[in-house]
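S.K.: Handing over query.pdb, PDB, C-alpha atoms, pLDDT in the B column.
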```pdb
ATOM      1  CA  MET A   1       0.000   0.000   0.000  1.00 80.00           C
ATOM      2  CA  GLY A   2       1.168   3.517  -0.771  1.00 94.00           C
ATOM      3  CA  ARG A   3       2.055   6.323   1.573  1.00 97.00           C
ATOM      4  CA  VAL A   4       0.311   9.622   2.292  1.00 98.00           C
ATOM      5  CA  ARG A   5       2.696  12.386   1.257  1.00 98.00           C
ATOM      6  CA  VAL A   6       2.664  16.172   1.356  1.00 98.00           C
ATOM      7  CA  PHE A   7       4.584  18.303  -1.170  1.00 97.00           C
ATOM      8  CA  LEU A   8       4.280  22.017  -0.434  1.00 96.00           C
ATOM      9  CA  ALA A   9       6.073  25.326  -0.442  1.00 95.00           C
ATOM     10  CA  VAL A  10       5.823  27.036   2.936  1.00 97.00           C
ATOM     11  CA  SER A  11       6.816  30.460   4.220  1.00 97.00           C
ATOM     12  CA  LEU A  12       9.277  30.781   7.098  1.00 96.00           C
ATOM     13  CA  ASP A  13       6.348  31.457   9.418  1.00 97.00           C
ATOM     14  CA  GLY A  14       4.483  28.340   8.336  1.00 96.00           C
ATOM     15  CA  PHE A  15       1.930  29.540   5.777  1.00 96.00           C
ATOM     16  CA  VAL A  16       1.128  27.763   2.502  1.00 94.00           C
ATOM     17  CA  ALA A  17      -0.803  30.730   1.112  1.00 92.00           C
ATOM     18  CA  GLY A  18      -1.093  34.375   2.070  1.00 92.00           C
ATOM     19  CA  SER A  19      -4.251  36.287   2.872  1.00 91.00           C
ATOM     20  CA  ASP A  20      -7.078  35.667   0.384  1.00 88.00           C
ATOM     21  CA  ASP A  21      -5.172  32.578  -0.859  1.00 88.00           C
ATOM     22  CA  ASP A  22      -2.442  34.798  -2.323  1.00 88.00           C
ATOM     23  CA  LEU A  23       0.420  32.840  -3.895  1.00 90.00           C
ATOM     24  CA  SER A  24       2.309  35.782  -5.397  1.00 89.00           C
ATOM     25  CA  TRP A  25       5.089  35.268  -2.823  1.00 93.00           C
ATOM     26  CA  LEU A  26       6.046  31.932  -4.406  1.00 90.00           C
ATOM     27  CA  PRO A  27       9.141  32.056  -6.617  1.00 89.00           C
ATOM     28  CA  THR A  28       8.476  31.253 -10.250  1.00 80.00           C
ATOM     29  CA  GLU A  29      12.062  30.325 -11.078  1.00 79.00           C
ATOM     30  CA  GLY A  30      14.890  28.459  -9.471  1.00 81.00           C
ATOM     31  CA  GLU A  31      17.061  25.497 -10.288  1.00 86.00           C
ATOM     32  CA  PRO A  32      16.852  22.424  -8.069  1.00 90.00           C
ATOM     33  CA  GLY A  33      20.123  21.594  -6.383  1.00 90.00           C
ATOM     34  CA  PRO A  34      21.469  18.073  -5.815  1.00 91.00           C
ATOM     35  CA  GLY A  35      18.899  15.947  -4.007  1.00 91.00           C
ATOM     36  CA  ALA A  36      16.018  18.403  -4.492  1.00 92.00           C
ATOM     37  CA  LEU A  37      12.699  16.952  -5.589  1.00 92.00           C
ATOM     38  CA  THR A  38      10.756  18.647  -8.384  1.00 91.00           C
ATOM     39  CA  LEU A  39       6.987  18.373  -8.737  1.00 91.00           C
ATOM     40  CA  ASP A  40       7.398  16.278 -11.903  1.00 92.00           C
ATOM     41  CA  ALA A  41       9.691  13.810 -10.112  1.00 94.00           C
ATOM     42  CA  PHE A  42       7.355  13.706  -7.089  1.00 95.00           C
ATOM     43  CA  LEU A  43       4.320  12.980  -9.292  1.00 94.00           C
ATOM     44  CA  LYS A  44       6.003   9.864 -10.744  1.00 95.00           C
ATOM     45  CA  ASP A  45       5.284   8.058  -7.441  1.00 96.00           C
ATOM     46  CA  ILE A  46       1.735   9.381  -7.074  1.00 97.00           C
ATOM     47  CA  GLY A  47      -1.316   7.261  -7.881  1.00 98.00           C
ATOM     48  CA  ALA A  48      -3.958   9.701  -6.599  1.00 98.00           C
ATOM     49  CA  MET A  49      -4.247  13.143  -5.100  1.00 97.00           C
ATOM     50  CA  LEU A  50      -6.503  14.375  -2.310  1.00 98.00           C
ATOM     51  CA  MET A  51      -6.754  18.135  -2.824  1.00 96.00           C
ATOM     52  CA  GLY A  52      -8.660  20.549  -0.597  1.00 94.00           C
ATOM     53  CA  ARG A  53     -11.515  22.469  -2.197  1.00 94.00           C
ATOM     54  CA  ARG A  54      -9.939  25.893  -1.593  1.00 91.00           C
ATOM     55  CA  THR A  55      -6.687  24.682  -3.094  1.00 92.00           C
ATOM     56  CA  TYR A  56      -8.527  23.193  -6.044  1.00 93.00           C
ATOM     57  CA  ASP A  57     -10.395  26.437  -6.713  1.00 90.00           C
ATOM     58  CA  VAL A  58      -7.106  28.381  -6.721  1.00 89.00           C
ATOM     59  CA  VAL A  59      -5.252  25.863  -8.932  1.00 88.00           C
ATOM     60  CA  ALA A  60      -8.173  25.468 -11.369  1.00 88.00           C
ATOM     61  CA  GLY A  61      -8.131  29.246 -11.839  1.00 85.00           C
ATOM     62  CA  PHE A  62      -4.471  29.375 -12.938  1.00 86.00           C
ATOM     63  CA  ASP A  63      -3.863  30.617 -16.453  1.00 84.00           C
ATOM     64  CA  ALA A  64      -1.406  27.783 -17.108  1.00 85.00           C
ATOM     65  CA  PRO A  65      -1.417  24.195 -18.343  1.00 86.00           C
ATOM     66  CA  TRP A  66      -2.798  21.609 -15.889  1.00 87.00           C
ATOM     67  CA  MET A  67       0.244  20.528 -13.869  1.00 87.00           C
ATOM     68  CA  TYR A  68      -1.011  17.165 -12.561  1.00 92.00           C
ATOM     69  CA  GLY A  69      -1.281  15.248 -15.827  1.00 89.00           C
ATOM     70  CA  ASP A  70      -3.635  12.284 -15.615  1.00 93.00           C
ATOM     71  CA  VAL A  71      -3.335  11.763 -11.830  1.00 95.00           C
ATOM     72  CA  PRO A  72      -6.817  11.119 -10.371  1.00 97.00           C
ATOM     73  CA  ILE A  73      -7.712  14.035  -8.093  1.00 96.00           C
ATOM     74  CA  LEU A  74     -10.280  13.690  -5.326  1.00 97.00           C
ATOM     75  CA  VAL A  75     -11.660  16.992  -4.008  1.00 97.00           C
ATOM     76  CA  PRO A  76     -13.575  16.866  -0.708  1.00 96.00           C
ATOM     77  CA  THR A  77     -16.518  19.221  -1.024  1.00 94.00           C
ATOM     78  CA  HIS A  78     -20.196  19.658  -0.241  1.00 92.00           C
ATOM     79  CA  ARG A  79     -20.588  22.280  -2.971  1.00 91.00           C
ATOM     80  CA  PRO A  80     -21.088  21.581  -6.676  1.00 90.00           C
ATOM     81  CA  LEU A  81     -17.762  21.019  -8.424  1.00 90.00           C
ATOM     82  CA  GLU A  82     -17.109  21.861 -12.040  1.00 84.00           C
ATOM     83  CA  PRO A  83     -14.005  19.795 -12.829  1.00 78.00           C
ATOM     84  CA  ALA A  84     -11.356  21.562 -14.887  1.00 76.00           C
ATOM     85  CA  GLN A  85     -10.131  18.128 -15.982  1.00 87.00           C
ATOM     86  CA  PRO A  86     -11.773  14.715 -16.433  1.00 91.00           C
ATOM     87  CA  THR A  87      -9.465  13.279 -13.740  1.00 94.00           C
ATOM     88  CA  VAL A  88     -11.095  15.440 -11.022  1.00 95.00           C
ATOM     89  CA  ARG A  89     -14.063  14.300  -8.953  1.00 94.00           C
ATOM     90  CA  ALA A  90     -15.878  15.394  -5.798  1.00 95.00           C
ATOM     91  CA  VAL A  91     -15.796  13.198  -2.679  1.00 96.00           C
ATOM     92  CA  GLU A  92     -17.189  13.427   0.855  1.00 95.00           C
ATOM     93  CA  GLY A  93     -16.363  11.881   4.212  1.00 96.00           C
ATOM     94  CA  SER A  94     -14.143  12.068   7.260  1.00 96.00           C
ATOM     95  CA  ILE A  95     -10.426  12.567   6.770  1.00 97.00           C
ATOM     96  CA  GLY A  96      -9.855   8.871   7.486  1.00 97.00           C
ATOM     97  CA  ALA A  97     -12.439   7.772   4.921  1.00 97.00           C
ATOM     98  CA  LEU A  98     -11.106  10.264   2.363  1.00 97.00           C
ATOM     99  CA  LEU A  99      -7.532   9.014   2.779  1.00 98.00           C
ATOM    100  CA  ASP A 100      -8.664   5.385   2.603  1.00 97.00           C
ATOM    101  CA  GLN A 101     -10.527   6.167  -0.638  1.00 97.00           C
ATOM    102  CA  ALA A 102      -7.505   7.989  -2.098  1.00 98.00           C
ATOM    103  CA  LEU A 103      -5.198   5.106  -1.132  1.00 98.00           C
ATOM    104  CA  ALA A 104      -7.567   2.647  -2.811  1.00 97.00           C
ATOM    105  CA  VAL A 105      -7.534   4.735  -6.007  1.00 97.00           C
ATOM    106  CA  ALA A 106      -3.726   5.014  -5.831  1.00 97.00           C
ATOM    107  CA  GLY A 107      -3.268   1.248  -5.581  1.00 96.00           C
ATOM    108  CA  ASP A 108       0.337   0.486  -4.671  1.00 96.00           C
ATOM    109  CA  ARG A 109       1.414   4.071  -5.409  1.00 98.00           C
ATOM    110  CA  ASP A 110       1.391   7.074  -3.063  1.00 98.00           C
ATOM    111  CA  VAL A 111      -1.271   9.675  -2.301  1.00 98.00           C
ATOM    112  CA  TYR A 112      -0.405  13.352  -2.689  1.00 98.00           C
ATOM    113  CA  LEU A 113      -2.189  15.347   0.018  1.00 97.00           C
ATOM    114  CA  ASP A 114      -2.526  19.052  -0.811  1.00 96.00           C
ATOM    115  CA  GLY A 115      -4.256  21.886   1.027  1.00 93.00           C
ATOM    116  CA  GLY A 116      -3.602  23.485   4.409  1.00 92.00           C
ATOM    117  CA  GLN A 117      -6.798  22.315   6.114  1.00 93.00           C
ATOM    118  CA  LEU A 118      -6.540  18.756   4.771  1.00 96.00           C
ATOM    119  CA  VAL A 119      -2.914  18.485   5.872  1.00 96.00           C
ATOM    120  CA  GLN A 120      -3.865  19.715   9.350  1.00 96.00           C
ATOM    121  CA  GLN A 121      -6.689  17.160   9.564  1.00 96.00           C
ATOM    122  CA  ALA A 122      -4.448  14.336   8.348  1.00 97.00           C
ATOM    123  CA  LEU A 123      -1.715  15.283  10.834  1.00 97.00           C
ATOM    124  CA  ALA A 124      -4.284  15.346  13.649  1.00 97.00           C
ATOM    125  CA  ALA A 125      -5.448  11.863  12.554  1.00 97.00           C
ATOM    126  CA  ASP A 126      -1.780  10.731  12.359  1.00 97.00           C
ATOM    127  CA  ARG A 127      -2.122   9.764   8.705  1.00 97.00           C
ATOM    128  CA  VAL A 128       0.782  11.714   7.139  1.00 98.00           C
ATOM    129  CA  ASP A 129       3.769   9.523   6.289  1.00 98.00           C
ATOM    130  CA  GLU A 130       6.046  12.102   4.677  1.00 98.00           C
ATOM    131  CA  MET A 131       6.253  15.846   4.096  1.00 98.00           C
ATOM    132  CA  VAL A 132       8.444  17.423   1.435  1.00 97.00           C
ATOM    133  CA  LEU A 133       8.505  21.089   2.388  1.00 97.00           C
ATOM    134  CA  THR A 134      10.252  23.747   0.348  1.00 96.00           C
ATOM    135  CA  MET A 135      10.941  26.661   2.674  1.00 96.00           C
ATOM    136  CA  VAL A 136      10.606  30.027   0.958  1.00 96.00           C
ATOM    137  CA  PRO A 137      12.612  32.822   2.637  1.00 96.00           C
ATOM    138  CA  VAL A 138       9.646  35.116   3.276  1.00 96.00           C
ATOM    139  CA  VAL A 139       7.604  35.929   6.377  1.00 97.00           C
ATOM    140  CA  LEU A 140       3.948  36.457   5.457  1.00 97.00           C
ATOM    141  CA  GLY A 141       2.540  37.291   8.879  1.00 96.00           C
ATOM    142  CA  GLY A 142      -0.778  35.612   8.079  1.00 95.00           C
ATOM    143  CA  GLY A 143      -2.685  33.493   5.620  1.00 95.00           C
ATOM    144  CA  VAL A 144      -3.376  29.773   5.367  1.00 93.00           C
ATOM    145  CA  PRO A 145      -1.311  27.930   8.002  1.00 95.00           C
ATOM    146  CA  LEU A 146       0.250  24.562   7.329  1.00 95.00           C
ATOM    147  CA  PHE A 147       0.091  23.426  10.939  1.00 95.00           C
ATOM    148  CA  GLY A 148      -2.712  23.443  13.489  1.00 93.00           C
ATOM    149  CA  PRO A 149      -3.409  22.091  16.968  1.00 94.00           C
ATOM    150  CA  LEU A 150      -2.581  18.461  17.738  1.00 95.00           C
ATOM    151  CA  ALA A 151      -3.607  16.296  20.698  1.00 94.00           C
ATOM    152  CA  GLU A 152       0.009  15.121  20.954  1.00 94.00           C
ATOM    153  CA  PRO A 153       3.273  15.697  19.081  1.00 94.00           C
ATOM    154  CA  ARG A 154       3.981  13.968  15.773  1.00 96.00           C
ATOM    155  CA  ARG A 155       7.628  13.028  15.385  1.00 96.00           C
ATOM    156  CA  PHE A 156       9.415  13.066  12.038  1.00 98.00           C
ATOM    157  CA  ARG A 157      12.948  12.317  10.877  1.00 98.00           C
ATOM    158  CA  PHE A 158      14.640  14.710   8.474  1.00 97.00           C
ATOM    159  CA  GLY A 159      16.435  13.469   5.396  1.00 96.00           C
ATOM    160  CA  PRO A 160      19.342  15.489   4.017  1.00 96.00           C
ATOM    161  CA  PRO A 161      18.315  19.062   3.146  1.00 96.00           C
ATOM    162  CA  ALA A 162      18.525  20.252  -0.433  1.00 96.00           C
ATOM    163  CA  THR A 163      18.527  23.673  -2.050  1.00 94.00           C
ATOM    164  CA  TYR A 164      16.070  24.776  -4.682  1.00 90.00           C
ATOM    165  CA  GLY A 165      17.006  28.167  -6.057  1.00 89.00           C
ATOM    166  CA  GLY A 166      17.173  30.406  -2.990  1.00 90.00           C
ATOM    167  CA  MET A 167      15.014  28.002  -0.976  1.00 94.00           C
ATOM    168  CA  VAL A 168      15.690  25.007   1.265  1.00 96.00           C
ATOM    169  CA  GLN A 169      13.823  21.745   0.781  1.00 96.00           C
ATOM    170  CA  LEU A 170      13.338  19.391   3.713  1.00 97.00           C
ATOM    171  CA  THR A 171      11.925  15.890   3.640  1.00 97.00           C
ATOM    172  CA  ALA A 172      10.419  14.794   6.937  1.00 98.00           C
ATOM    173  CA  THR A 173       9.416  11.144   7.338  1.00 98.00           C
ATOM    174  CA  ARG A 174       7.028  10.144  10.123  1.00 97.00           C
ATOM    175  CA  THR A 175       8.572   8.009  12.848  1.00 96.00           C
ATOM    176  CA  ARG A 176       6.216   5.799  14.825  1.00 86.00           C
ATOM    177  CA  PRO A 177       7.036   3.782  17.933  1.00 78.00           C
TER     178      PRO A 177
END
```
Please rewrite the model in this file as structure tokens.
M.R.:
Amino acid sequence: MGRVRVFLAVSLDGFVAGSDDDLSWLPTEGEPGPGALTLDAFLKDIGAMLMGRRTYDVVAGFDAPWMYGDVPILVPTHRPLEPAQPTVRAVEGSIGALLDQALAVAGDRDVYLDGGQLVQQALAADRVDEMVLTMVPVVLGGGVPLFGPLAEPRRFRFGPPATYGGMVQLTATRTRP
């Protein structure tokens, strides 16, 4: 069975988007250094994606080619969803049920979990196996936080850091007793 993985850029103060879902602070250029993981390389291991509705609405509104190829994308929502691609579909349920459904769709490949609220819920449910976080050297002071309250700490082990342009990429793998 695959893993549940996060692949996000994050500000130094822990935000994945600024106020009003602003992403203008994200660099648009930068060469990956040795050991850095690009989105294209990350997607090669992904069999399905669970993407938050807010994140989906922002990404679907980009004036750019669809960056996820033919990866099946499950979007938890109670509102009508007009898929930008045929690979996108609406789903409902608890975070555990949503992750189980995404893992079933992914088969033996991994699930890409994207969206601040979904990541927080999955961390609270102790369902995140790995986080690849690219730290952008900016302090936003507010926006969509990556982390939220937890009943108890979640321990991770860092792999070797890598550079990506002027950023630092960290891979944190969940350690369980």
S.K.: A:Leu37, A:Leu12, A:Val91, A:Val111: which is nearest Val132 in chain A, counting only C-alpha atoms?
M.R.: A:Leu37
S.K.: I'd like the residues picked by the PyMOL selection byres ((chain A and resi 32) around 7) written out as number ranges by chain, using the chain letters and numbers from the file.
M.R.: A: 30-31, 33-34, 36, 163-165
S.K.: May I have the protein, DNA and RNA residues with an atom at most 9 Å from (1.8, 23.5, 9.3), counting only C-alpha atoms in the file's coordinates, returned as a PyMOL selection string?
M.R.: chain A and resi 10+14-16+116+119-120+145-148
S.K.: Could the residues in this selection be written to a file with C-alpha atoms, as a PDB file, in the coordinates of the input?
M.R.:
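The resulting again32.pdb:
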```
ATOM      1  CA  VAL A  10       5.823  27.036   2.936  1.00 97.00           C
ATOM      2  CA  GLY A  14       4.483  28.340   8.336  1.00 96.00           C
ATOM      3  CA  PHE A  15       1.930  29.540   5.777  1.00 96.00           C
ATOM      4  CA  VAL A  16       1.128  27.763   2.502  1.00 94.00           C
ATOM      5  CA  GLY A 116      -3.602  23.485   4.409  1.00 92.00           C
ATOM      6  CA  VAL A 119      -2.914  18.485   5.872  1.00 96.00           C
ATOM      7  CA  GLN A 120      -3.865  19.715   9.350  1.00 96.00           C
ATOM      8  CA  PRO A 145      -1.311  27.930   8.002  1.00 95.00           C
ATOM      9  CA  LEU A 146       0.250  24.562   7.329  1.00 95.00           C
ATOM     10  CA  PHE A 147       0.091  23.426  10.939  1.00 95.00           C
ATOM     11  CA  GLY A 148      -2.712  23.443  13.489  1.00 93.00           C
TER      12      GLY A 148
END
```
S.K.: Evaluating the PyMOL selection byres ((chain A and resi 47) around 6) on the displayed file yields which residues, as a PyMOL selection string?
M.R.: chain A and resi 46+48+106+109-110
S.K.: For each of A:Ala41, A:Thr87, A:Leu123, A:Phe62, take the minimum atom-to-atom distance to Ser24 in chain A, counting only C-alpha atoms, then give the residue where this is smallest.
M.R.: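 Once distances to Ser24 in chain A are computed over only C-alpha atoms, the minimum belongs to A:Phe62.
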S.K.: One decimal, in Å: what's the spacing between CA of Arg155 in chain A and CA of Gln117 in chain A?
M.R.: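 Computing it gives 19.5 Å between the two atoms.
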S.K.: Report, in Å with one decimal, the straight-line distance from CA of Met135 in chain A to CA of Met167 in chain A.
M.R.: 5.6 Å
S.K.: How many Å lie between CA of Val71 in chain A and CA of Met49 in chain A, rounded to one decimal?
M.R.: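 It comes out at 6.9 Å.
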S.K.: Exactly which residues make up the result of the PyMOL selection byres ((chain A and resi 114) around 7) on this file, given as a list of chain:residue names?
M.R.: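 On the file shown, the PyMOL selection byres ((chain A and resi 114) around 7) covers A:Val6, A:Leu50, A:Met51, A:Gly52, A:Tyr112, A:Leu113, A:Gly115, A:Gly116, A:Leu118, A:Val119.
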S.K.: Nearest residue to Phe42 in chain A out of A:Ala97, A:Ala151, A:Gln121, A:Phe7, using all atoms listed in the file?
M.R.: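 When distances to Phe42 in chain A are compared using all atoms listed in the file, the smallest one comes from A:Phe7.
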S.K.: Kindly indicate which residue among A:Ser94, A:Arg174, A:Arg54, A:Phe158 lies nearest to Leu81 in chain A, using only C-alpha atoms for the distances.
M.R.: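 Of the candidates, the smallest distance to Leu81 in chain A is held by A:Arg54.
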S.K.: Which is closer to Asp13 in chain A than all the others in A:Pro137, A:Gly107, A:Pro80, A:Pro65, using all atoms listed in the file?
M.R.: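 Checking each of A:Pro137, A:Gly107, A:Pro80, A:Pro65 against Asp13 in chain A, counting all atoms listed in the file, the winner is A:Pro137.
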S.K.: Let me make sure I understand: among A:Arg127, A:Gln169, A:Tyr56, A:Glu29, which one has the smallest atom-to-atom distance to Arg154 in chain A if we use all atoms listed in the file?
M.R.: A:Arg127
S.K.: Distance cut-off 9 Å, centre (16.4, 16.4, 5.6) in file coordinates, counting only C-alpha atoms: which residues qualify? Return them as a ChimeraX atom specification.
M.R.: /A:157-162,169-173
